[in-house]
Structures are given as C-alpha cells and as structure tokens.
$ cat data.cif   # mmCIF, C-alpha atoms
data_data
loop_
_atom_site.label_atom_id
_atom_site.label_comp_id
_atom_site.auth_asym_id
_atom_site.auth_seq_id
_atom_site.Cartn_x
_atom_site.Cartn_y
_atom_site.Cartn_z
CA MET A 19 84.09 -149.01 -56.02
CA ASN A 20 82.64 -145.74 -57.27
CA THR A 21 79.42 -144.65 -55.69
CA ALA A 22 77.00 -141.80 -56.12
CA TYR A 23 77.63 -138.41 -54.56
CA PRO A 24 74.86 -137.57 -52.07
CA ALA A 25 74.41 -134.04 -53.43
CA ARG A 26 73.92 -135.45 -56.93
CA ILE A 27 71.16 -137.81 -55.82
CA THR A 28 69.30 -134.93 -54.19
CA GLN A 29 69.86 -132.67 -57.18
CA CYS A 30 68.63 -135.24 -59.70
CA ARG A 31 65.65 -136.26 -57.56
CA GLU A 32 64.51 -132.68 -57.25
CA LEU A 33 65.05 -132.08 -60.97
CA ALA A 34 62.71 -135.02 -61.57
CA GLY A 35 60.12 -133.38 -59.31
CA LEU A 36 60.04 -136.28 -56.86
CA SER A 37 59.87 -136.28 -53.09
CA LYS A 38 61.95 -138.81 -51.13
CA THR A 39 58.78 -140.78 -50.51
CA GLU A 40 57.90 -140.90 -54.20
CA LEU A 41 61.40 -141.97 -55.23
CA ALA A 42 61.51 -144.64 -52.54
CA SER A 43 58.19 -146.02 -53.80
CA GLN A 44 59.47 -146.18 -57.39
CA LEU A 45 62.68 -147.94 -56.30
CA ASN A 46 60.86 -150.23 -53.87
CA VAL A 47 63.11 -149.17 -50.99
CA SER A 48 62.42 -147.40 -47.71
CA VAL A 49 62.28 -143.63 -47.37
CA ALA A 50 65.01 -144.00 -44.76
CA ALA A 51 67.28 -145.58 -47.38
CA VAL A 52 66.84 -142.62 -49.75
CA SER A 53 67.53 -140.22 -46.88
CA GLN A 54 70.71 -142.12 -45.98
CA TRP A 55 71.95 -141.97 -49.58
CA GLU A 56 71.33 -138.23 -49.66
CA ASN A 57 72.96 -137.47 -46.30
CA GLY A 58 75.93 -139.73 -47.10
CA SER A 59 75.53 -142.08 -44.15
CA LYS A 60 75.04 -145.05 -46.51
CA ASN A 61 75.85 -145.75 -50.14
CA PRO A 62 73.40 -147.16 -52.69
CA THR A 63 74.20 -150.66 -53.92
CA PRO A 64 75.18 -151.17 -57.58
CA ASP A 65 71.61 -152.29 -58.30
CA ASN A 66 70.30 -149.19 -56.56
CA LEU A 67 72.57 -147.02 -58.70
CA VAL A 68 71.22 -148.55 -61.88
CA ALA A 69 67.67 -148.04 -60.64
CA LEU A 70 68.41 -144.42 -59.68
CA SER A 71 69.80 -143.70 -63.14
CA ARG A 72 66.79 -145.29 -64.81
CA HIS A 73 64.03 -143.77 -62.67
CA LEU A 74 65.59 -140.32 -62.49
CA ARG A 75 66.45 -140.48 -66.20
CA VAL A 76 70.01 -139.29 -65.70
CA PRO A 77 73.25 -140.77 -67.06
CA MET A 78 75.03 -142.97 -64.56
CA PRO A 79 78.31 -140.97 -64.84
CA LEU A 80 76.50 -137.87 -63.53
CA LEU A 81 75.65 -139.61 -60.26
CA LEU A 82 79.32 -140.55 -59.90
CA THR A 83 80.57 -136.99 -60.53
CA PRO A 84 80.81 -134.34 -57.79
CA VAL A 85 79.11 -130.99 -58.19
CA PRO A 86 81.83 -128.53 -59.36
CA THR A 87 83.11 -126.38 -56.53
CA GLU A 88 83.03 -123.37 -58.89
CA LEU A 89 79.24 -123.52 -58.77
CA SER A 90 78.91 -123.56 -55.01
CA SER A 91 77.56 -120.01 -54.94
CA ARG A 92 73.98 -119.66 -56.15
CA GLY A 93 71.86 -116.64 -55.41
CA PRO A 94 68.13 -116.69 -54.66
CA ILE A 95 65.64 -117.92 -57.25
CA THR A 96 63.13 -115.31 -58.38
CA PHE A 97 60.53 -117.88 -59.28
CA ARG A 98 57.53 -116.76 -61.31
CA ALA A 99 54.60 -119.16 -61.51
CA ARG A 100 50.85 -118.98 -61.24
CA SER A 101 49.29 -120.00 -57.94
CA SER A 102 49.76 -123.73 -57.56
CA ALA A 103 49.95 -126.31 -54.82
CA LYS A 104 53.12 -127.56 -56.53
CA THR A 105 54.96 -124.25 -56.37
CA ALA A 106 57.41 -125.48 -53.71
CA MET A 107 58.36 -128.52 -55.79
CA LEU A 108 58.57 -126.41 -58.94
CA ARG A 109 61.00 -124.11 -57.15
CA ARG A 110 63.22 -127.03 -56.19
CA GLN A 111 63.12 -128.25 -59.79
CA ALA A 112 64.07 -124.76 -60.92
CA GLU A 113 67.00 -124.64 -58.50
CA SER A 114 68.32 -128.00 -59.71
CA LEU A 115 67.90 -127.05 -63.36
CA ALA A 116 69.78 -123.78 -62.77
CA GLU A 117 72.67 -125.61 -61.10
CA LEU A 118 72.96 -128.18 -63.89
CA ASP A 119 72.61 -125.60 -66.67
CA ALA A 120 75.34 -123.54 -65.02
CA GLU A 121 77.50 -126.66 -65.04
CA ALA A 122 76.97 -126.97 -68.80
CA PHE A 123 78.02 -123.36 -69.37
CA LEU A 124 81.04 -123.86 -67.12
CA TRP A 125 82.03 -126.79 -69.32
CA MET A 126 81.59 -124.69 -72.48
CA GLU A 127 83.97 -122.09 -71.10
CA LYS A 128 86.75 -124.67 -71.45
CA TRP A 129 86.30 -124.49 -75.24
CA VAL A 130 85.08 -120.98 -76.03
CA SER A 131 85.02 -117.50 -74.53
CA LEU A 132 81.56 -116.40 -73.47
CA PRO A 133 80.42 -112.78 -73.00
CA ASN A 134 81.14 -111.49 -69.53
CA PRO A 135 78.15 -110.45 -67.41
CA SER A 136 77.33 -106.79 -67.83
CA LEU A 137 74.52 -105.83 -65.48
CA PRO A 138 74.33 -102.24 -64.27
CA GLU A 139 75.00 -101.75 -60.57
CA ILE A 140 71.86 -99.96 -59.43
CA LEU A 141 71.31 -98.98 -55.86
CA PHE A 142 67.60 -99.60 -55.64
CA LYS A 143 65.50 -96.98 -57.36
CA ASP A 144 61.93 -97.16 -58.54
CA PRO A 145 61.35 -99.55 -61.48
CA GLU A 146 60.96 -96.78 -64.05
CA GLU A 147 64.31 -95.23 -63.14
CA SER A 148 65.96 -98.66 -63.00
CA ALA A 149 64.70 -99.55 -66.49
CA ASN A 150 65.86 -96.23 -67.90
CA GLU A 151 69.27 -96.61 -66.28
CA CYS A 152 69.64 -100.13 -67.69
CA ARG A 153 68.84 -98.84 -71.18
CA ARG A 154 71.43 -96.07 -70.78
CA PHE A 155 74.04 -98.49 -69.46
CA TRP A 156 73.52 -100.77 -72.46
CA GLY A 157 73.31 -97.89 -74.95
CA LEU A 158 69.84 -98.80 -76.19
CA GLY A 159 68.26 -95.37 -76.48
CA ASN A 160 64.45 -95.37 -76.45
CA ARG A 161 63.69 -97.49 -79.48
CA PRO A 162 61.74 -100.78 -79.43
CA ILE A 163 63.90 -103.86 -78.88
CA ALA A 164 63.51 -106.44 -81.65
CA LYS A 165 66.22 -108.97 -80.74
CA LEU A 166 65.69 -109.28 -77.01
CA GLY A 167 67.24 -112.74 -76.62
CA GLU A 168 70.37 -111.75 -78.52
CA LEU A 169 70.62 -108.59 -76.41
CA PHE A 170 70.55 -110.60 -73.18
CA GLU A 171 73.20 -113.02 -74.40
CA SER A 172 75.48 -110.22 -75.60
CA ARG A 173 75.37 -108.75 -72.10
CA GLY A 174 76.44 -112.03 -70.51
CA ILE A 175 72.99 -113.25 -69.43
CA ARG A 176 72.69 -117.01 -69.97
CA LEU A 177 69.28 -117.53 -71.56
CA CYS A 178 67.78 -121.01 -71.21
CA SER A 179 64.46 -122.78 -71.57
CA ALA A 180 62.55 -124.65 -68.89
CA ALA A 181 59.85 -127.29 -69.26
CA PHE A 182 58.17 -128.62 -66.14
CA GLY A 183 54.93 -129.83 -67.72
CA ASP A 184 52.93 -127.08 -66.03
CA VAL A 185 51.40 -124.28 -68.13
CA ARG A 186 51.13 -122.16 -64.98
CA PHE A 187 54.92 -121.84 -65.01
CA ASP A 188 56.24 -118.60 -66.50
CA ALA A 189 59.91 -117.94 -65.83
CA PHE A 190 62.62 -117.66 -63.23
CA SER A 191 66.07 -116.16 -62.83
CA CYS A 192 69.10 -116.40 -60.56
CA ILE A 193 72.81 -115.69 -60.39
CA VAL A 194 75.16 -118.66 -60.14
CA SER A 195 78.77 -117.85 -59.22
CA GLY A 196 78.46 -114.38 -60.70
CA ARG A 197 76.73 -115.53 -63.89
CA PRO A 198 73.15 -114.29 -64.43
CA PHE A 199 70.61 -116.82 -65.76
CA VAL A 200 67.12 -116.30 -67.15
CA PHE A 201 64.89 -119.34 -67.76
CA LEU A 202 61.76 -119.02 -69.89
CA GLY A 203 58.95 -121.57 -69.70
CA ASN A 204 58.28 -123.07 -73.11
CA GLU A 205 54.85 -124.59 -72.48
CA LYS A 206 52.78 -121.58 -73.55
CA GLN A 207 54.58 -120.64 -76.77
CA ASP A 208 53.29 -117.07 -76.48
CA ARG A 209 55.80 -114.67 -78.01
CA ALA A 210 54.55 -111.46 -76.42
CA ARG A 211 54.32 -112.98 -72.95
CA SER A 212 57.74 -114.60 -73.31
CA ARG A 213 59.33 -111.23 -74.07
CA PHE A 214 57.58 -109.61 -71.11
CA ASP A 215 58.64 -112.50 -68.86
CA ALA A 216 62.26 -112.11 -69.98
CA ALA A 217 62.28 -108.38 -69.20
CA HIS A 218 60.50 -109.13 -65.90
CA GLU A 219 63.35 -111.44 -64.88
CA LEU A 220 65.88 -108.82 -65.98
CA GLY A 221 64.18 -106.50 -63.52
CA HIS A 222 64.69 -109.04 -60.74
CA LEU A 223 68.36 -109.52 -61.66
CA ILE A 224 68.99 -105.79 -61.56
CA MET A 225 66.79 -104.63 -58.69
CA HIS A 226 66.78 -107.66 -56.39
CA GLN A 227 70.10 -109.42 -56.97
CA HIS A 228 71.29 -108.64 -53.45
CA PHE A 229 68.15 -109.94 -51.74
CA SER A 230 68.24 -113.18 -49.82
CA GLN A 231 65.76 -115.95 -50.60
CA ASP A 232 63.93 -115.17 -47.36
CA GLU A 233 63.67 -111.49 -48.29
CA LEU A 234 62.30 -112.35 -51.71
CA GLU A 235 59.72 -114.67 -50.20
CA ALA A 236 58.69 -112.13 -47.57
CA LYS A 237 58.33 -109.37 -50.17
CA LYS A 238 57.13 -111.52 -53.05
CA GLU A 239 54.05 -109.49 -53.92
CA GLU A 240 56.01 -106.24 -53.81
CA THR A 241 58.99 -107.50 -55.82
CA GLU A 242 56.72 -109.05 -58.47
CA LYS A 243 54.97 -105.72 -58.96
CA GLN A 244 58.33 -103.97 -59.21
CA ALA A 245 59.59 -106.46 -61.81
CA ASN A 246 56.38 -106.05 -63.84
CA ALA A 247 56.78 -102.27 -63.75
CA PHE A 248 60.44 -102.60 -64.77
CA SER A 249 59.52 -104.88 -67.69
CA SER A 250 56.86 -102.47 -68.88
CA ALA A 251 59.17 -99.44 -68.70
CA PHE A 252 62.11 -101.33 -70.25
CA LEU A 253 60.10 -102.60 -73.24
CA MET A 254 57.97 -99.44 -73.65
CA PRO A 255 60.01 -96.31 -72.78
CA ARG A 256 57.82 -93.40 -71.80
CA GLU A 257 59.01 -90.90 -74.42
CA THR A 258 58.73 -92.99 -77.57
CA PHE A 259 55.85 -95.25 -76.55
CA SER A 260 53.69 -92.28 -75.59
CA CYS A 261 54.14 -90.82 -79.08
CA ASP A 262 52.56 -93.95 -80.57
CA ILE A 263 49.40 -93.78 -78.45
CA ILE A 264 47.23 -91.81 -80.84
CA ASP A 265 44.27 -94.15 -81.25
CA THR A 266 43.38 -95.45 -77.77
CA SER A 267 40.87 -98.02 -79.00
CA LEU A 268 41.81 -101.69 -78.82
CA ASP A 269 42.23 -101.64 -82.61
CA GLY A 270 44.71 -98.81 -82.16
CA PHE A 271 46.78 -100.87 -79.70
CA LYS A 272 46.50 -103.88 -81.99
CA ARG A 273 48.14 -101.93 -84.84
CA ILE A 274 51.26 -101.13 -82.82
CA LYS A 275 51.65 -104.55 -81.21
CA PRO A 276 54.16 -105.86 -83.82
CA LYS A 277 56.31 -102.74 -83.40
CA TRP A 278 56.62 -102.90 -79.62
CA GLY A 279 56.54 -106.69 -79.31
CA VAL A 280 54.36 -106.82 -76.22
CA SER A 281 50.78 -107.90 -75.61
CA ILE A 282 47.86 -105.54 -76.08
CA GLN A 283 47.09 -106.06 -72.39
CA ALA A 284 50.57 -104.85 -71.44
CA MET A 285 50.29 -101.81 -73.71
CA VAL A 286 46.87 -100.89 -72.33
CA ARG A 287 48.21 -101.11 -68.77
CA ARG A 288 51.29 -99.08 -69.67
CA ALA A 289 49.15 -96.38 -71.31
CA LYS A 290 46.97 -96.23 -68.23
CA ASP A 291 50.00 -95.95 -65.91
CA LEU A 292 51.39 -93.12 -68.06
CA GLY A 293 48.11 -91.22 -67.81
CA LEU A 294 47.24 -91.76 -71.47
CA LEU A 295 44.08 -93.72 -70.66
CA SER A 296 41.40 -92.88 -68.13
CA GLU A 297 40.52 -95.43 -65.47
CA GLU A 298 37.11 -95.84 -67.09
CA THR A 299 38.56 -96.59 -70.53
CA TYR A 300 41.12 -98.94 -69.01
CA GLN A 301 38.43 -100.94 -67.20
CA ARG A 302 36.30 -101.07 -70.34
CA HIS A 303 39.25 -102.40 -72.36
CA CYS A 304 40.00 -105.03 -69.70
CA ILE A 305 36.41 -106.30 -69.81
CA SER A 306 36.45 -106.39 -73.61
CA MET A 307 39.79 -108.26 -73.73
CA GLY A 308 38.47 -110.81 -71.26
CA GLN A 309 35.30 -111.36 -73.28
CA GLN A 310 37.36 -111.92 -76.43
CA GLY A 311 39.61 -114.49 -74.74
CA TRP A 312 42.74 -112.36 -75.01
CA ARG A 313 43.86 -113.18 -71.48
CA ARG A 314 44.65 -116.78 -72.45
CA ALA A 315 48.10 -117.75 -73.71
CA LYS A 316 48.20 -117.09 -77.45
CA GLY A 317 44.65 -115.75 -77.16
CA GLU A 318 45.51 -112.33 -78.53
CA PRO A 319 45.65 -111.57 -82.25
CA LEU A 320 48.95 -110.91 -84.08
CA ASP A 321 51.16 -112.93 -81.74
CA ASP A 322 52.90 -114.39 -84.80
CA MET A 323 53.92 -110.83 -85.73
CA VAL A 324 55.86 -110.37 -82.47
CA PRO A 325 59.63 -111.07 -82.59
CA THR A 326 60.64 -114.30 -80.88
CA THR A 327 63.01 -114.33 -77.92
CA ASN A 328 65.74 -116.20 -79.76
CA ARG A 329 68.80 -117.86 -78.29
CA SER A 330 71.71 -117.77 -80.72
CA LEU A 331 74.83 -117.97 -78.52
CA VAL A 332 74.89 -121.74 -78.01
CA ARG A 333 74.00 -122.36 -81.65
CA LYS A 334 77.11 -120.38 -82.63
CA ILE A 335 79.14 -122.42 -80.16
CA LEU A 336 77.91 -125.67 -81.73
CA ASN A 337 78.88 -124.36 -85.16
CA LEU A 338 82.36 -123.48 -83.90
CA LEU A 339 82.78 -126.93 -82.41
CA SER A 340 81.57 -128.55 -85.64
CA ASN A 341 84.30 -126.78 -87.56
CA GLY A 342 86.99 -127.43 -84.97
CA ASP A 343 89.23 -130.43 -84.34
CA LYS A 344 88.93 -130.83 -80.56
CA ILE A 345 85.38 -132.02 -79.97
CA LYS A 346 82.31 -132.49 -82.15
CA PRO A 347 78.78 -131.58 -81.03
CA TRP A 348 77.56 -135.18 -81.01
CA GLU A 349 80.36 -136.03 -78.56
CA ILE A 350 79.15 -133.49 -76.01
CA PRO A 351 76.81 -135.87 -74.09
CA SER A 352 79.78 -138.23 -73.58
CA GLU A 353 81.95 -135.43 -72.24
CA LEU A 354 79.11 -133.71 -70.39
CA PRO A 355 76.85 -136.46 -68.97
CA LEU A 356 73.81 -134.37 -68.11
CA PRO A 357 70.12 -135.32 -68.34
CA ASP A 358 68.43 -134.80 -71.71
CA GLN A 359 66.21 -132.17 -70.07
CA VAL A 360 69.27 -130.10 -69.17
CA LEU A 361 70.95 -130.50 -72.55
CA GLU A 362 67.74 -129.37 -74.25
CA SER A 363 67.43 -126.41 -71.88
CA VAL A 364 70.95 -125.21 -72.68
CA PHE A 365 71.64 -126.30 -76.25
CA GLU A 366 68.10 -126.23 -77.65
CA THR A 367 68.85 -129.30 -79.76
CA ASN A 368 68.53 -133.07 -79.74
CA PHE A 369 72.04 -134.48 -79.91
CA LYS A 370 70.78 -137.75 -81.33
CA THR A 371 69.97 -135.90 -84.56
CA LEU A 372 73.54 -134.60 -84.87
CA LEU A 373 75.16 -138.00 -85.37
CA PRO A 374 76.87 -138.19 -88.79
CA VAL A 375 75.52 -140.82 -91.17
CA GLU A 376 78.71 -142.87 -90.91
CA LEU A 377 78.18 -143.20 -87.14
CA ASP A 378 74.50 -144.04 -87.36
CA ASN A 379 75.09 -147.72 -86.63
CA VAL A 380 77.90 -147.26 -84.13
CA ILE A 381 77.50 -147.13 -80.39
CA VAL A 382 78.44 -143.68 -79.15
CA ARG A 383 78.98 -144.02 -75.43
CA GLY A 384 77.03 -141.59 -73.28
CA VAL A 385 74.77 -140.16 -75.96
CA PHE A 386 71.70 -141.90 -74.59
CA SER A 387 70.85 -141.38 -70.95
CA ASP A 388 68.37 -144.26 -71.03
CA PRO A 389 68.92 -147.50 -73.00
CA LYS A 390 65.37 -147.47 -74.37
CA ASP A 391 66.12 -144.16 -76.12
CA ALA A 392 68.62 -145.85 -78.43
CA ARG A 393 67.54 -146.37 -82.00
CA PRO A 394 67.43 -149.84 -83.63
CA GLY A 395 70.89 -150.68 -84.92
CA HIS A 396 72.69 -149.26 -81.88
CA ASN A 397 72.90 -152.66 -80.21
#
$ encode --input "data.cif" --output "structure tokens"
Amino acid sequence: MNTAYPARITQCRELAGLSKTELASQLNVSVAAVSQWENGSKNPTPDNLVALSRHLRVPMPLLLTPVPTELSSRGPITFRARSSAKTAMLRRQAESLAELDAEAFLWMEKWVSLPNPSLPEILFKDPEESANECRRFWGLGNRPIAKLGELFESRGIRLCSAAFGDVRFDAFSCIVSGRPFVFLGNEKQDRARSRFDAAHELGHLIMHQHFSQDELEAKKEETEKQANAFSSAFLMPRETFSCDIIDTSLDGFKRIKPKWGVSIQAMVRRAKDLGLLSEETYQRHCISMGQQGWRRAKGEPLDDMVPTTNRSLVRKILNLLSNGDKIKPWEIPSELPLPDQVLESVFETNFKTLLPVELDNVIVRGVFSDPKDARPGHN
C-alpha cells in the first residue's frame, strides 16, 4: 500500500516547528520510530499516517507525494530574525516553507506563464554601488518606489508571506531552482518596516546569492549590515533623497515619510550616512525616537500613509483561473494538497471562502486539510 515519503515527513515536521522528540510525544511513539520513518528504514502504519496528517496539519495526499525533483536545488536561506533561542528551528521552518511555496509556484506554471527572474549579475561591489546598479538594470531612475511588491513580482521575484507566531521574525529570502523568493513576516503589520525588509532581502539576493549557507553564517553580521545599506540606498537614492533633506528636525523627516515610504528611523540613519546630519544631531534624534516609542513596530506616526508591499501576481492568476475552463480556484487544494499555511503564504486567500453557493453543501475532496475545519453541512 502507499506510504509516506521520508523527506515529506521531515519537511512537514519542520514546517510545524517540531523536533523529533516533540512529534514522537504527540503521536505517543518512540523517537526512534520517528527517526526510522524519516530515514526510510521503516514505514509508518496506516494509523500512524492518519496521526501524522492530523498532528502536522497537512493533507494526507501530501505525505504520499514525493518532493518534485525540479525543486532539488535550493540555495542558502538569508534568514532575518531578532535574537532568539528558537532561531535554529525558525530557520528550518523557513526552509520547509520555501520548498513548499516553490512547489506551489511550480504547479502554477502548468497553467500560466510567470515572469522570468531578472536579477542583475553583480560581481560584488559595495552596497551603494549594487543598489544603484540594480536600479539602472531595472530602469527605475532615482525616484521613490511606490509599488514595491508589484516591482518585485514583475522582475520574477516570488513574493510570499510567512507567519511563525513570533514577532521577532522579520523576513528571509532564497533561490529555489533558479527562482528567487522573498518572504515577509506578517506578524508586525508595519508598512515601512515591511518595505525596508523587502529591499533588505533583495540586497541579499543580489549581493550574496553565490554564498554558501556556511559562508552566510560565518559572515552573518557583515552580510546583514551590507543588506541594510543596500536597502537604504535602493529605497533612498543619494541624489534625489538628499534634495529632500531641508528640515533636519524629526518633524521635517516626518513630513517626507509618505513620499519615500520608509521609517523616520531609516531616513535619519540614511541622512547621517550621507553626511547630511552631524553625529550629535543623529544621536539626539535616536534618543528622542526611543523616548517616543518609535522603535516599536507600528510605533511611528504616519505608517498608514506608507504604501503597502502588495502582492498582485497570484491574485491575477486566480482571476484567470476563475474565468477559464480547466480548473477553478476552489479546486486548487484538491489538485495541490498543501498545508493551509502554505496556501495562505502563496495565494493570500482562504480557499474555503471561494466555494460557490451551489457547492456549499457538497463535499469537495481535499479542500480541508483537517476534518474539524469543515463547516456544518459538509458531512
């Protein structure tokens, strides 16, 4: 009979943020049993499979499906999170989410044509030069970027969300089989920080895409500073941003925040790095921003005036599928049996809400990854 693929069990366990010991405890089996399932030396029993599906909150068909060979090549994860004892587990969750999201995009490519990746090939330069070269390569000039999410998607960057239940999580990026991915944490809901995080990850993709995971870990502090500098230069080009720094008070920076779409803290730091603020004024502003609580997520004023980092590509794909005759959006979970967390990360929608009224009382196989998620009337 069919049995689970070892790589899938590991992938789904790590997506759930569980160690082998924790999963074994939940399933009431030995740690050795979980290890044997994951190394392929033994197969889980049918009852074990049901329990795995339930506790890992993944559809049973996913456990019985091999990982696509097309996705065997994944580059290093440039993981950005605040200091945390759970960073190692968060990284493994991020890796699993990236692999499964890439699988969803691979499936979409059977139905629609997606933009090809278009990242500039930059032999490492300093972050300022790299940001300027990226802008030239994409034909952006020096103007502020309003539609950052749409820009990324148009250049073949797959933009996804990530929710790990940890507000210390910011973002991460990687390249899977030649396809660049940027994942933005959605816990903070801070528009200015989200835009800066997105540009930060773009910096990693451009400047550090050829690094190994070991190199990234060994040079983490250095590469993080480089990505921050890239983000700052990319979002606030020297020539045009400098022209806007007339009033160097915090009120002056507040007035131009909606235009540039970055935090006041980021603008103050950029002005200081460009020599437009003295060290003394910079330190005074930092103290004042801290006293006013601006360092907290959504703590700054005017965040609602900053453009959101929208994702529109997948929404357009869902509209195309809705108007087509091959597959309807509400049928996707049946054809693509991925965890709800992954579907939300990629499609930014709840497929249960897409069911037509006439199907509301009909069982649609595969839509619900857990029986308790089914609505009354779906029995």
$ atom_distance --input "data.cif" --atom1 "atom CA of Pro79 of chain A" --atom2 "atom CA of Arg110 of chain A"
22.3 Å
$ closest_atom_pairs --input "data.cif" --of "segment 206-272 of chain A" --to "segment 192-198 of chain A" --cutoff "12 Å" --atoms "only C-alpha atoms" --output "tab-separated table"
residue	atom	partner	partner_atom	distance
A:Glu219	CA	A:Cys192	CA	8.7
A:Leu220	CA	A:Pro198	CA	9.2
A:Gly221	CA	A:Cys192	CA	11.4
A:His222	CA	A:Cys192	CA	8.6
A:Leu223	CA	A:Cys192	CA	7.0
A:Ile224	CA	A:Pro198	CA	9.9
A:His226	CA	A:Cys192	CA	10.0
A:Gln227	CA	A:Ile193	CA	7.6
A:His228	CA	A:Ile193	CA	10.0
A:Phe229	CA	A:Cys192	CA	11.0
A:Ser230	CA	A:Cys192	CA	11.2
A:Gln231	CA	A:Cys192	CA	10.5
A:Leu234	CA	A:Cys192	CA	11.9
$ closest_atom_pairs --input "data.cif" --of "segment 21-136 of chain A" --to "segment 159-178 of chain A" --cutoff "8 Å" --atoms "only C-alpha atoms" --output "CSV"
residue,atom,partner,partner_atom,distance
A:Leu132,CA,A:Gly174,CA,7.4
A:Pro133,CA,A:Gly174,CA,4.8
A:Asn134,CA,A:Gly174,CA,4.8
A:Pro135,CA,A:Gly174,CA,3.9
A:Ser136,CA,A:Arg173,CA,5.1
$ resolve_selection --input "data.cif" --expression "the PyMOL selection byres ((chain A and resi 67) around 10)" --output "list of chain:residue names"
A:Thr21, A:Ala22, A:Ile27, A:Asn61, A:Pro62, A:Thr63, A:Pro64, A:Asp65, A:Asn66, A:Val68, A:Ala69, A:Leu70, A:Ser71, A:Arg72, A:His73, A:Met78, A:Leu81, A:Leu82
$ closest_atom_pairs --input "data.cif" --of "segment 207-309 of chain A" --to "segment 316-339 of chain A" --cutoff "9 Å" --atoms "only C-alpha atoms" --output "CSV"
residue,atom,partner,partner_atom,distance
A:Gln207,CA,A:Lys316,CA,7.3
A:Asp208,CA,A:Lys316,CA,5.2
A:Arg209,CA,A:Thr326,CA,5.6
A:Ala210,CA,A:Val324,CA,6.3
A:Arg211,CA,A:Lys316,CA,8.6
A:Ser212,CA,A:Thr327,CA,7.0
A:Arg213,CA,A:Thr327,CA,6.2
A:Ala216,CA,A:Thr327,CA,8.3
A:Lys272,CA,A:Leu320,CA,7.7
A:Lys275,CA,A:Val324,CA,7.3
A:Pro276,CA,A:Val324,CA,5.0
A:Lys277,CA,A:Val324,CA,7.7
A:Trp278,CA,A:Val324,CA,8.0
A:Gly279,CA,A:Val324,CA,4.9
A:Val280,CA,A:Val324,CA,7.3
A:Ser281,CA,A:Glu318,CA,7.5
A:Ile282,CA,A:Glu318,CA,7.6
A:Gln283,CA,A:Glu318,CA,8.9
A:Met307,CA,A:Glu318,CA,8.5
$ resolve_selection --input "data.cif" --expression "the PyMOL selection byres ((chain A and resi 235) around 12)" --output "ChimeraX atom specification"
/A:94-98,106,109,226,229-234,236-242
$ resolve_selection --input "data.cif" --expression "the PyMOL selection byres ((chain A and resi 129) around 9)" --output "PDB file with C-alpha atoms, in the coordinates of the input"
ATOM      1  CA  TRP A 125      82.030-126.790 -69.320  1.00  0.00           C
ATOM      2  CA  MET A 126      81.590-124.690 -72.480  1.00  0.00           C
ATOM      3  CA  GLU A 127      83.970-122.090 -71.100  1.00  0.00           C
ATOM      4  CA  LYS A 128      86.750-124.670 -71.450  1.00  0.00           C
ATOM      5  CA  VAL A 130      85.080-120.980 -76.030  1.00  0.00           C
ATOM      6  CA  SER A 131      85.020-117.500 -74.530  1.00  0.00           C
ATOM      7  CA  ILE A 335      79.140-122.420 -80.160  1.00  0.00           C
ATOM      8  CA  LEU A 339      82.780-126.930 -82.410  1.00  0.00           C
ATOM      9  CA  LYS A 344      88.930-130.830 -80.560  1.00  0.00           C
ATOM     10  CA  ILE A 345      85.380-132.020 -79.970  1.00  0.00           C
TER      11      ILE A 345
END
$ closest_residue --input "data.cif" --among "A:Ser340, A:Asn368, A:Gln244, A:Thr105" --to "Pro145 of chain A" --atoms "all atoms listed in the file"
A:Gln244
$ residues_around --input "data.cif" --residues "segment 151-158 of chain A" --least-positions-apart "4" --cutoff "8 Å" --atoms "only C-alpha atoms" --output "PyMOL selection string"
chain A and resi 137-138+147+252
